[in-house]
>>> print(open('run_15.pdb').read())   # PDB, C-alpha atoms
ATOM      1  CA  MET A 194     -18.381 -52.892  43.945
ATOM      2  CA  GLU A 195     -19.254 -56.526  44.725
ATOM      3  CA  LYS A 196     -17.031 -56.402  47.800
ATOM      4  CA  ARG A 197     -18.914 -53.386  49.084
ATOM      5  CA  PHE A 198     -22.283 -54.990  48.487
ATOM      6  CA  ALA A 199     -21.123 -58.182  50.228
ATOM      7  CA  ALA A 200     -19.952 -56.198  53.274
ATOM      8  CA  LEU A 201     -23.246 -54.289  53.449
ATOM      9  CA  LEU A 202     -25.286 -57.477  53.056
ATOM     10  CA  ALA A 203     -23.303 -59.273  55.779
ATOM     11  CA  GLY A 204     -23.765 -56.250  58.054
ATOM     12  CA  VAL A 205     -27.530 -56.122  57.465
ATOM     13  CA  VAL A 206     -28.002 -59.850  58.129
ATOM     14  CA  PHE A 207     -25.783 -59.585  61.226
ATOM     15  CA  GLY A 208     -27.663 -56.534  62.532
ATOM     16  CA  PHE A 209     -31.060 -58.152  61.916
ATOM     17  CA  GLY A 210     -29.853 -61.218  63.838
ATOM     18  CA  LEU A 211     -28.679 -59.062  66.750
ATOM     19  CA  ALA A 212     -32.083 -57.368  66.956
ATOM     20  CA  LEU A 213     -34.156 -60.534  66.459
ATOM     21  CA  SER A 214     -32.194 -62.387  69.140
ATOM     22  CA  GLN A 215     -32.340 -59.340  71.477
ATOM     23  CA  MET A 216     -28.538 -59.370  71.857
ATOM     24  CA  VAL A 217     -29.025 -55.672  71.142
ATOM     25  CA  ASN A 218     -30.894 -55.209  74.431
ATOM     26  CA  PRO A 219     -28.525 -54.661  77.405
ATOM     27  CA  ALA A 220     -31.251 -55.595  79.925
ATOM     28  CA  LYS A 221     -31.590 -58.979  78.188
ATOM     29  CA  VAL A 222     -27.808 -59.462  78.077
ATOM     30  CA  LEU A 223     -27.411 -58.704  81.782
ATOM     31  CA  ALA A 224     -30.265 -61.109  82.617
ATOM     32  CA  PHE A 225     -28.338 -63.753  80.663
ATOM     33  CA  LEU A 226     -25.087 -63.036  82.511
ATOM     34  CA  ASP A 227     -26.856 -63.040  85.907
ATOM     35  CA  ILE A 228     -26.646 -66.795  86.427
ATOM     36  CA  THR A 229     -27.070 -66.655  90.188
ATOM     37  CA  GLY A 230     -30.067 -64.306  90.022
ATOM     38  CA  ASN A 231     -33.279 -64.430  87.975
ATOM     39  CA  TRP A 232     -31.389 -66.103  85.123
ATOM     40  CA  ASP A 233     -32.686 -65.797  81.554
ATOM     41  CA  PRO A 234     -30.650 -68.331  79.541
ATOM     42  CA  SER A 235     -32.123 -67.260  76.169
ATOM     43  CA  LEU A 236     -28.958 -65.718  74.790
ATOM     44  CA  ALA A 237     -27.021 -68.962  75.139
ATOM     45  CA  PHE A 238     -29.028 -69.956  72.072
ATOM     46  CA  VAL A 239     -27.577 -67.020  70.116
ATOM     47  CA  LEU A 240     -24.030 -68.236  70.595
ATOM     48  CA  PHE A 241     -25.147 -71.815  70.000
ATOM     49  CA  GLY A 242     -26.877 -70.912  66.703
ATOM     50  CA  ALA A 243     -24.071 -68.670  65.478
ATOM     51  CA  VAL A 244     -21.270 -71.118  66.337
ATOM     52  CA  LEU A 245     -23.232 -73.999  64.808
ATOM     53  CA  VAL A 246     -23.270 -72.141  61.473
ATOM     54  CA  SER A 247     -19.683 -70.864  61.665
ATOM     55  CA  LEU A 248     -18.232 -74.230  62.744
ATOM     56  CA  ILE A 249     -19.818 -76.058  59.821
ATOM     57  CA  SER A 250     -19.547 -73.384  57.119
ATOM     58  CA  PHE A 251     -15.978 -72.243  57.890
ATOM     59  CA  ARG A 252     -14.701 -75.798  57.358
ATOM     60  CA  PHE A 253     -15.892 -75.675  53.762
ATOM     61  CA  ILE A 254     -15.116 -72.006  53.089
ATOM     62  CA  LEU A 255     -11.512 -72.223  54.304
ATOM     63  CA  LYS A 256     -10.864 -75.195  52.013
ATOM     64  CA  LEU A 257     -11.547 -72.985  48.985
ATOM     65  CA  PRO A 258      -8.455 -71.648  47.205
ATOM     66  CA  ARG A 259      -9.601 -68.059  47.776
ATOM     67  CA  PRO A 260     -12.666 -66.002  48.680
ATOM     68  CA  VAL A 261     -15.039 -65.028  45.862
ATOM     69  CA  PHE A 262     -14.167 -61.318  45.602
ATOM     70  CA  GLU A 263     -10.663 -61.197  47.151
ATOM     71  CA  GLY A 264      -7.279 -62.761  46.546
ATOM     72  CA  THR A 265      -6.749 -64.246  49.998
ATOM     73  CA  PHE A 266      -8.453 -64.954  53.304
ATOM     74  CA  ALA A 267      -7.476 -62.349  55.923
ATOM     75  CA  LEU A 268      -6.955 -64.478  59.022
ATOM     76  CA  SER A 269      -4.938 -63.858  62.163
ATOM     77  CA  SER A 270      -1.796 -65.968  62.251
ATOM     78  CA  LEU A 271      -1.359 -65.492  66.009
ATOM     79  CA  ARG A 272      -1.294 -68.765  67.915
ATOM     80  CA  THR A 273      -0.095 -68.099  71.439
ATOM     81  CA  ILE A 274      -2.372 -67.322  74.360
ATOM     82  CA  ASP A 275      -0.422 -64.428  75.860
ATOM     83  CA  ARG A 276      -0.958 -61.953  78.685
ATOM     84  CA  ARG A 277      -2.165 -59.278  76.319
ATOM     85  CA  LEU A 278      -4.976 -61.491  75.026
ATOM     86  CA  VAL A 279      -6.141 -62.545  78.475
ATOM     87  CA  LEU A 280      -5.857 -59.042  79.981
ATOM     88  CA  GLY A 281      -7.821 -57.617  77.045
ATOM     89  CA  ALA A 282     -10.536 -60.277  77.312
ATOM     90  CA  VAL A 283     -10.830 -59.712  81.081
ATOM     91  CA  LEU A 284     -11.188 -55.913  80.701
ATOM     92  CA  PHE A 285     -13.723 -56.430  77.913
ATOM     93  CA  GLY A 286     -15.685 -58.843  80.112
ATOM     94  CA  VAL A 287     -15.884 -56.317  82.949
ATOM     95  CA  GLY A 288     -17.114 -53.574  80.589
ATOM     96  CA  TRP A 289     -19.632 -55.959  79.008
ATOM     97  CA  GLY A 290     -20.919 -56.983  82.441
ATOM     98  CA  LEU A 291     -21.212 -53.373  83.659
ATOM     99  CA  VAL A 292     -23.405 -52.139  80.791
ATOM    100  CA  GLY A 293     -24.568 -55.159  78.766
ATOM    101  CA  PHE A 294     -23.183 -53.884  75.458
ATOM    102  CA  CYS A 295     -20.479 -55.526  73.392
ATOM    103  CA  PRO A 296     -19.310 -53.728  70.209
ATOM    104  CA  GLY A 297     -21.748 -55.147  67.616
ATOM    105  CA  PRO A 298     -24.961 -54.631  69.600
ATOM    106  CA  ALA A 299     -23.813 -51.149  70.700
ATOM    107  CA  ILE A 300     -23.615 -50.127  67.034
ATOM    108  CA  ALA A 301     -26.862 -51.885  66.075
ATOM    109  CA  ALA A 302     -28.557 -50.119  69.021
ATOM    110  CA  LEU A 303     -28.188 -46.843  67.114
ATOM    111  CA  ALA A 304     -31.282 -48.034  65.225
ATOM    112  CA  TYR A 305     -33.191 -47.596  68.512
ATOM    113  CA  GLY A 306     -32.045 -44.002  68.909
ATOM    114  CA  ALA A 307     -30.777 -44.560  72.432
ATOM    115  CA  PRO A 308     -28.532 -41.669  73.568
ATOM    116  CA  LYS A 309     -26.713 -43.978  76.012
ATOM    117  CA  ALA A 310     -25.684 -46.208  73.087
ATOM    118  CA  VAL A 311     -24.075 -43.166  71.438
ATOM    119  CA  LEU A 312     -22.288 -42.287  74.662
ATOM    120  CA  PHE A 313     -21.089 -45.885  75.031
ATOM    121  CA  LEU A 314     -19.704 -45.840  71.468
ATOM    122  CA  VAL A 315     -17.884 -42.537  72.033
ATOM    123  CA  ALA A 316     -16.281 -44.025  75.162
ATOM    124  CA  LEU A 317     -15.465 -47.221  73.243
ATOM    125  CA  VAL A 318     -13.641 -45.250  70.530
ATOM    126  CA  ALA A 319     -11.785 -43.301  73.238
ATOM    127  CA  GLY A 320     -10.858 -46.621  74.842
ATOM    128  CA  ILE A 321      -9.351 -47.862  71.563
ATOM    129  CA  ALA A 322      -7.348 -44.616  71.283
ATOM    130  CA  ILE A 323      -6.056 -45.101  74.842
ATOM    131  CA  ALA A 324      -5.181 -48.755  74.209
ATOM    132  CA  ARG A 325      -3.191 -47.872  71.088
ATOM    133  CA  ARG A 326      -0.951 -45.645  73.207
ATOM    134  CA  LEU A 327      -0.269 -48.303  75.835
ATOM    135  CA  PRO A 328       3.052 -50.135  75.563
ATOM    136  CA  ALA A 329       1.100 -53.370  75.180
ATOM    137  CA  GLY A 330      -1.263 -51.840  72.644
ATOM    138  CA  LYS A 331       0.885 -51.968  69.530
ATOM    139  CA  PRO A 332      -0.973 -53.770  66.790
ATOM    140  CA  SER A 333      -0.041 -57.348  66.110
ATOM    141  CA  SER A 334      -1.248 -59.336  63.093
TER     142      SER A 334
ATOM    143  CA  MET B  49     -37.787 -67.463  83.350
ATOM    144  CA  GLU B  50     -40.837 -65.513  82.116
ATOM    145  CA  ASN B  51     -38.763 -63.784  79.452
ATOM    146  CA  PHE B  52     -37.280 -66.995  78.028
ATOM    147  CA  THR B  53     -37.044 -66.605  74.233
ATOM    148  CA  PRO B  54     -34.968 -69.516  72.933
ATOM    149  CA  LEU B  55     -36.460 -69.634  69.433
ATOM    150  CA  SER B  56     -35.890 -66.011  68.417
ATOM    151  CA  ALA B  57     -32.472 -66.170  70.088
ATOM    152  CA  PHE B  58     -31.540 -69.288  68.123
ATOM    153  CA  ALA B  59     -32.877 -67.851  64.843
ATOM    154  CA  GLY B  60     -30.961 -64.618  65.424
ATOM    155  CA  GLY B  61     -27.846 -66.650  66.193
ATOM    156  CA  LEU B  62     -28.217 -68.559  62.922
ATOM    157  CA  MET B  63     -28.407 -65.230  61.075
ATOM    158  CA  ILE B  64     -25.286 -63.934  62.838
ATOM    159  CA  GLY B  65     -23.449 -67.124  61.867
ATOM    160  CA  ALA B  66     -24.718 -66.834  58.282
ATOM    161  CA  ALA B  67     -23.504 -63.222  58.105
ATOM    162  CA  ALA B  68     -20.062 -64.310  59.306
ATOM    163  CA  ALA B  69     -20.017 -67.106  56.713
ATOM    164  CA  LEU B  70     -21.021 -64.661  53.952
ATOM    165  CA  LEU B  71     -18.277 -62.185  54.792
ATOM    166  CA  LEU B  72     -15.626 -64.907  54.953
ATOM    167  CA  TRP B  73     -16.801 -66.682  51.794
ATOM    168  CA  LEU B  74     -17.232 -63.550  49.658
ATOM    169  CA  ASN B  75     -14.604 -61.131  51.005
ATOM    170  CA  GLY B  76     -12.301 -63.409  52.996
ATOM    171  CA  LYS B  77     -12.831 -61.290  56.097
ATOM    172  CA  ILE B  78     -13.562 -62.242  59.696
ATOM    173  CA  ALA B  79     -16.841 -60.682  60.885
ATOM    174  CA  GLY B  80     -15.392 -59.352  64.118
ATOM    175  CA  VAL B  81     -17.066 -56.067  64.922
ATOM    176  CA  SER B  82     -14.324 -54.704  67.193
ATOM    177  CA  GLY B  83     -11.665 -55.490  64.576
ATOM    178  CA  ILE B  84     -13.679 -54.015  61.715
ATOM    179  CA  ARG B  85     -14.338 -50.914  63.806
ATOM    180  CA  GLY B  86     -10.930 -50.702  65.476
ATOM    181  CA  ARG B  87      -8.894 -50.642  62.269
ATOM    182  CA  LEU B  88     -11.023 -47.900  60.722
ATOM    183  CA  LEU B  89      -8.985 -45.143  62.348
ATOM    184  CA  PRO B  90      -6.478 -44.157  61.196
ATOM    185  CA  PRO B  91      -7.866 -45.078  57.781
ATOM    186  CA  THR B  92      -5.847 -47.264  55.412
ATOM    187  CA  LYS B  93      -6.368 -46.456  51.742
ATOM    188  CA  GLY B  94      -8.731 -48.896  50.026
ATOM    189  CA  ASP B  95      -9.665 -50.489  53.361
ATOM    190  CA  VAL B  96     -12.315 -48.045  54.565
ATOM    191  CA  ASP B  97     -15.441 -48.590  52.440
ATOM    192  CA  TRP B  98     -16.213 -52.183  53.341
ATOM    193  CA  ARG B  99     -15.764 -51.470  57.053
ATOM    194  CA  VAL B 100     -18.150 -48.504  56.982
ATOM    195  CA  LEU B 101     -20.675 -50.471  54.916
ATOM    196  CA  PHE B 102     -20.580 -53.472  57.253
ATOM    197  CA  LEU B 103     -20.996 -51.290  60.363
ATOM    198  CA  GLY B 104     -23.741 -49.243  58.677
ATOM    199  CA  GLY B 105     -25.370 -52.547  57.740
ATOM    200  CA  LEU B 106     -25.570 -53.469  61.433
ATOM    201  CA  VAL B 107     -27.686 -50.372  62.091
ATOM    202  CA  LEU B 108     -29.734 -50.925  58.946
ATOM    203  CA  GLY B 109     -30.384 -54.581  59.805
ATOM    204  CA  ALA B 110     -31.552 -53.696  63.312
ATOM    205  CA  ALA B 111     -33.729 -50.919  61.867
ATOM    206  CA  LEU B 112     -35.203 -53.412  59.410
ATOM    207  CA  PHE B 113     -36.119 -55.729  62.288
ATOM    208  CA  ARG B 114     -37.748 -52.872  64.167
ATOM    209  CA  TRP B 115     -39.818 -52.151  61.083
ATOM    210  CA  LEU B 116     -40.813 -55.754  60.329
ATOM    211  CA  GLY B 117     -40.668 -57.345  63.763
ATOM    212  CA  PRO B 118     -43.038 -57.288  66.733
ATOM    213  CA  GLU B 119     -44.024 -53.864  68.003
ATOM    214  CA  GLY B 120     -42.856 -52.575  71.343
ATOM    215  CA  GLN B 121     -39.697 -54.657  71.483
ATOM    216  CA  GLY B 122     -37.335 -51.932  72.594
ATOM    217  CA  ILE B 123     -34.070 -51.956  74.464
ATOM    218  CA  ALA B 124     -33.291 -50.909  78.030
ATOM    219  CA  ILE B 125     -29.931 -49.544  79.149
ATOM    220  CA  ASP B 126     -30.205 -49.393  82.934
ATOM    221  CA  ALA B 127     -26.590 -48.433  83.676
ATOM    222  CA  SER B 128     -26.023 -44.848  84.879
ATOM    223  CA  LEU B 129     -24.170 -42.407  82.627
ATOM    224  CA  PRO B 130     -20.782 -42.719  84.402
ATOM    225  CA  ILE B 131     -21.042 -46.518  84.253
ATOM    226  CA  VAL B 132     -21.929 -46.359  80.539
ATOM    227  CA  VAL B 133     -18.755 -44.320  79.962
ATOM    228  CA  LEU B 134     -16.623 -46.623  82.139
ATOM    229  CA  GLY B 135     -18.039 -49.703  80.397
ATOM    230  CA  GLY B 136     -17.424 -48.220  76.945
ATOM    231  CA  LEU B 137     -13.818 -47.379  77.835
ATOM    232  CA  LEU B 138     -13.175 -50.889  79.177
ATOM    233  CA  VAL B 139     -14.774 -52.536  76.132
ATOM    234  CA  GLY B 140     -12.690 -50.322  73.820
ATOM    235  CA  ILE B 141      -9.400 -50.979  75.620
ATOM    236  CA  GLY B 142     -10.143 -54.658  76.194
ATOM    237  CA  THR B 143     -11.188 -55.531  72.652
ATOM    238  CA  TRP B 144      -8.144 -53.711  71.259
ATOM    239  CA  LEU B 145      -5.678 -55.491  73.560
ATOM    240  CA  GLY B 146      -7.503 -58.796  73.248
ATOM    241  CA  SER B 147      -7.816 -58.482  69.449
ATOM    242  CA  GLY B 148     -11.506 -59.254  69.380
ATOM    243  CA  CYS B 149     -14.924 -59.380  70.981
ATOM    244  CA  THR B 150     -18.010 -61.580  71.073
ATOM    245  CA  SER B 151     -18.231 -61.773  67.270
ATOM    246  CA  GLY B 152     -14.566 -62.075  66.291
ATOM    247  CA  HIS B 153     -13.515 -64.489  69.040
ATOM    248  CA  GLY B 154     -16.884 -65.892  70.103
ATOM    249  CA  VAL B 155     -18.464 -66.630  66.719
ATOM    250  CA  CYS B 156     -15.665 -66.613  64.118
ATOM    251  CA  GLY B 157     -12.685 -67.688  66.219
ATOM    252  CA  ILE B 158     -14.528 -70.618  67.782
ATOM    253  CA  GLY B 159     -15.849 -71.380  64.281
ATOM    254  CA  ARG B 160     -12.296 -72.046  63.155
ATOM    255  CA  LEU B 161     -11.349 -73.640  66.479
ATOM    256  CA  SER B 162      -8.686 -71.058  67.302
ATOM    257  CA  PRO B 163      -7.215 -71.775  70.769
ATOM    258  CA  ARG B 164      -6.700 -68.026  71.318
ATOM    259  CA  SER B 165     -10.355 -67.315  70.623
ATOM    260  CA  ILE B 166     -11.585 -70.143  72.832
ATOM    261  CA  ALA B 167      -9.398 -68.837  75.683
ATOM    262  CA  ALA B 168     -10.516 -65.228  75.111
ATOM    263  CA  THR B 169     -14.204 -66.210  74.981
ATOM    264  CA  ALA B 170     -13.904 -68.169  78.238
ATOM    265  CA  ALA B 171     -12.125 -65.207  79.848
ATOM    266  CA  PHE B 172     -14.604 -62.517  78.816
ATOM    267  CA  PHE B 173     -17.668 -64.647  79.557
ATOM    268  CA  GLY B 174     -16.252 -65.562  82.946
ATOM    269  CA  THR B 175     -15.446 -61.993  83.946
ATOM    270  CA  ALA B 176     -18.753 -60.680  82.575
ATOM    271  CA  VAL B 177     -20.670 -63.181  84.724
ATOM    272  CA  LEU B 178     -18.519 -62.310  87.762
ATOM    273  CA  THR B 179     -19.058 -58.589  87.154
ATOM    274  CA  VAL B 180     -22.847 -58.914  86.949
ATOM    275  CA  THR B 181     -22.902 -61.168  90.002
ATOM    276  CA  PHE B 182     -20.756 -58.707  91.974
ATOM    277  CA  VAL B 183     -22.743 -55.614  90.935
ATOM    278  CA  ARG B 184     -26.175 -57.163  91.471
ATOM    279  CA  HIS B 185     -25.703 -59.459  94.433
ATOM    280  CA  VAL B 186     -22.717 -58.116  96.371
ATOM    281  CA  LEU B 187     -22.985 -54.332  95.880
ATOM    282  CA  GLY B 188     -26.699 -54.203  95.150
ATOM    283  CA  GLY B 189     -27.831 -57.073  97.403
TER     284      GLY B 189
END
>>> encode(input="run_15.pdb", output="structure tokens")
Amino acid sequence: MEKRFAALLAGVVFGFGLALSQMVNPAKVLAFLDITGNWDPSLAFVLFGAVLVSLISFRFILKLPRPVFEGTFALSSLRTIDRRLVLGAVLFGVGWGLVGFCPGPAIAALAYGAPKAVLFLVALVAGIAIARRLPAGKPSS
Amino acid sequence: MENFTPLSAFAGGLMIGAAAALLLWLNGKIAGVSGIRGRLLPPTKGDVDWRVLFLGGLVLGAALFRWLGPEGQGIAIDASLPIVVLGGLLVGIGTWLGSGCTSGHGVCGIGRLSPRSIAATAAFFGTAVLTVTFVRHVLGG
């Protein structure tokens, strides 16, 4: 029960932050990525604020023997920067740059009732299904 | 620069970081949206509820902001329907292969100074900027 409430609470705070910062707005995201055009650097402050909190808080949290409601921390043990990681990040970057949606904002955008956000999510789920069938797509960690 | 909104962006970023800290501290989980979404199907017993609640929370949080926040702050998805589909596919494939997106690598991974996440974030930011530059100033110029 507590675990479920914690997940919901984290989701709500995250979603509120996405909307407040306008990360949820593809037009704003594309204006941020358009550094050689009419650049709007606002969203750099989103990453700055979020990383500031995670950098400081994770140091303390990961020194705890265990999380509050679970037995262990679920962290990736992968260490190597391999082709799969870089290829995936590059493909993601192209998709992000084409539309202005990354996964979190695309889901949060459902609160705005935008049909294109639904379409994007359907394609995203199809993309995951395709990737799972690729030779390189077998899950690791 | 008329749309420069550093304060709301920074505040939203702090909330996103706080949400990631909450989920790690309470449930021991990384708040990576693509990972939370991607491992939902096929469902693993006992591992479904928190994922659905977190993702539902994203929508709820954004809805809450729409209700409480300034009026008329909508979103704009300018990409055409085929591009929305192409972008969604690429984001789905890329985040699966690359094991993460803006939240998992960008916020959480950098928060724990993971070399993989720092490399992935550099790669997807770089290609997203190149994509926008190409679409807007080479094709569209």
>>> closest_residue(input="run_15.pdb", among="A:Glu195, A:Ile228, A:Gly286, A:Pro328", to="chain B", atoms="all atoms listed in the file")
A:Gly286
>>> resolve_selection(input="run_15.pdb", expression="the PyMOL selection byres ((chain A and resi 247-263) around 7)", output="list in words")
Lys196, Ala243, Val244, Leu245, Val246, Gly264, Thr265 and Phe266 of chain A; Gly65, Ala68, Ala69, Trp73, Leu74, Asn75, Gly76, Val155, Cys156, Gly159 and Arg160 of chain B
>>> residues_around(input="run_15.pdb", residues="region 131-137 of chain B", least_positions_apart="3", cutoff="8 Å", atoms="all atoms listed in the file", output="PyMOL selection string")
(chain A and resi 287-289+291-292+309+312-321) or (chain B and resi 127-128+140-141)
>>> atom_distance(input="run_15.pdb", atom1="CA of Glu119 (chain B)", atom2="CA of Phe102 (chain B)")
25.8 Å
>>> closest_residue(input="run_15.pdb", among="B:Leu106, B:Ile78, B:Ala170, B:Leu89", to="chain A", atoms="all atoms listed in the file")
B:Leu106
>>> closest_residue(input="run_15.pdb", among="A:Val239, A:Ile274, A:Leu284, A:Ala324", to="Ile166 (chain B)", atoms="all atoms listed in the file")
A:Ile274
>>> resolve_selection(input="run_15.pdb", expression="the PyMOL selection byres ((chain A and resi 298) around 8)", output="list in words")
Gly208, Leu211, Met216, Val217, Asn218, Phe294, Cys295, Pro296, Gly297, Ala299, Ile300, Ala301 and Ala302 of chain A
>>> atom_distance(input="run_15.pdb", atom1="CA of His153 (chain B)", atom2="CA of Val283 (chain A)")
13.2 Å
>>> closest_residue(input="run_15.pdb", among="B:Gly146, B:Gly94, B:Gln121, B:Leu116", to="chain A", atoms="only C-alpha atoms")
B:Gly146
>>> resolve_selection(input="run_15.pdb", expression="the PyMOL selection byres ((chain A and resi 304) around 7)", output="mmCIF file with C-alpha atoms, in the coordinates of the input")
data_model
loop_
_atom_site.group_PDB
_atom_site.id
_atom_site.type_symbol
_atom_site.label_atom_id
_atom_site.label_comp_id
_atom_site.auth_asym_id
_atom_site.auth_seq_id
_atom_site.Cartn_x
_atom_site.Cartn_y
_atom_site.Cartn_z
ATOM 1 C CA ALA A 301 -26.862 -51.885 66.075
ATOM 2 C CA ALA A 302 -28.557 -50.119 69.021
ATOM 3 C CA LEU A 303 -28.188 -46.843 67.114
ATOM 4 C CA TYR A 305 -33.191 -47.596 68.512
ATOM 5 C CA GLY A 306 -32.045 -44.002 68.909
ATOM 6 C CA VAL B 107 -27.686 -50.372 62.091
ATOM 7 C CA ALA B 110 -31.552 -53.696 63.312
ATOM 8 C CA ALA B 111 -33.729 -50.919 61.867
#
>>> atom_distance(input="run_15.pdb", atom1="CA of Ser214 (chain A)", atom2="CA of Phe58 (chain B)")
7.0 Å
>>> build_atoms(input="run_15.pdb", residues="region 212-225 of chain A", atoms="N, CA, C and O atoms", output="tab-separated table (two decimals), in the coordinates of the input")
chain	number	residue	atom	x	y	z
A	212	ALA	N	-30.82	-57.93	66.48
A	212	ALA	CA	-32.08	-57.37	66.96
A	212	ALA	C	-33.10	-58.48	67.23
A	212	ALA	O	-33.74	-58.50	68.28
A	213	LEU	N	-33.21	-59.42	66.30
A	213	LEU	CA	-34.16	-60.53	66.46
A	213	LEU	C	-33.85	-61.33	67.73
A	213	LEU	O	-34.75	-61.69	68.49
A	214	SER	N	-32.58	-61.58	67.98
A	214	SER	CA	-32.19	-62.39	69.14
A	214	SER	C	-32.25	-61.60	70.45
A	214	SER	O	-32.15	-62.18	71.52
A	215	GLN	N	-32.37	-60.27	70.34
A	215	GLN	CA	-32.34	-59.34	71.48
A	215	GLN	C	-30.96	-59.20	72.12
A	215	GLN	O	-30.83	-58.67	73.23
A	216	MET	N	-29.90	-59.67	71.41
A	216	MET	CA	-28.54	-59.37	71.86
A	216	MET	C	-28.34	-57.86	71.96
A	216	MET	O	-27.46	-57.37	72.67
A	217	VAL	N	-29.15	-57.12	71.21
A	217	VAL	CA	-29.02	-55.67	71.14
A	217	VAL	C	-29.56	-54.99	72.41
A	217	VAL	O	-29.34	-53.81	72.62
A	218	ASN	N	-30.25	-55.77	73.24
A	218	ASN	CA	-30.89	-55.21	74.43
A	218	ASN	C	-30.06	-55.47	75.69
A	218	ASN	O	-30.01	-56.60	76.19
A	219	PRO	N	-29.39	-54.44	76.24
A	219	PRO	CA	-28.52	-54.66	77.40
A	219	PRO	C	-29.24	-55.32	78.59
A	219	PRO	O	-28.64	-56.12	79.30
A	220	ALA	N	-30.53	-54.99	78.80
A	220	ALA	CA	-31.25	-55.60	79.92
A	220	ALA	C	-31.33	-57.11	79.74
A	220	ALA	O	-31.19	-57.88	80.70
A	221	LYS	N	-31.52	-57.55	78.49
A	221	LYS	CA	-31.59	-58.98	78.19
A	221	LYS	C	-30.22	-59.64	78.38
A	221	LYS	O	-30.12	-60.76	78.91
A	222	VAL	N	-29.17	-58.94	77.95
A	222	VAL	CA	-27.81	-59.46	78.08
A	222	VAL	C	-27.44	-59.64	79.55
A	222	VAL	O	-26.90	-60.67	79.96
A	223	LEU	N	-27.76	-58.62	80.36
A	223	LEU	CA	-27.41	-58.70	81.78
A	223	LEU	C	-28.21	-59.81	82.48
A	223	LEU	O	-27.69	-60.48	83.36
A	224	ALA	N	-29.46	-60.02	82.04
A	224	ALA	CA	-30.26	-61.11	82.62
A	224	ALA	C	-29.66	-62.47	82.26
A	224	ALA	O	-29.73	-63.43	83.02
A	225	PHE	N	-29.01	-62.52	81.08
A	225	PHE	CA	-28.34	-63.75	80.66
A	225	PHE	C	-27.06	-64.00	81.47
A	225	PHE	O	-26.73	-65.14	81.81
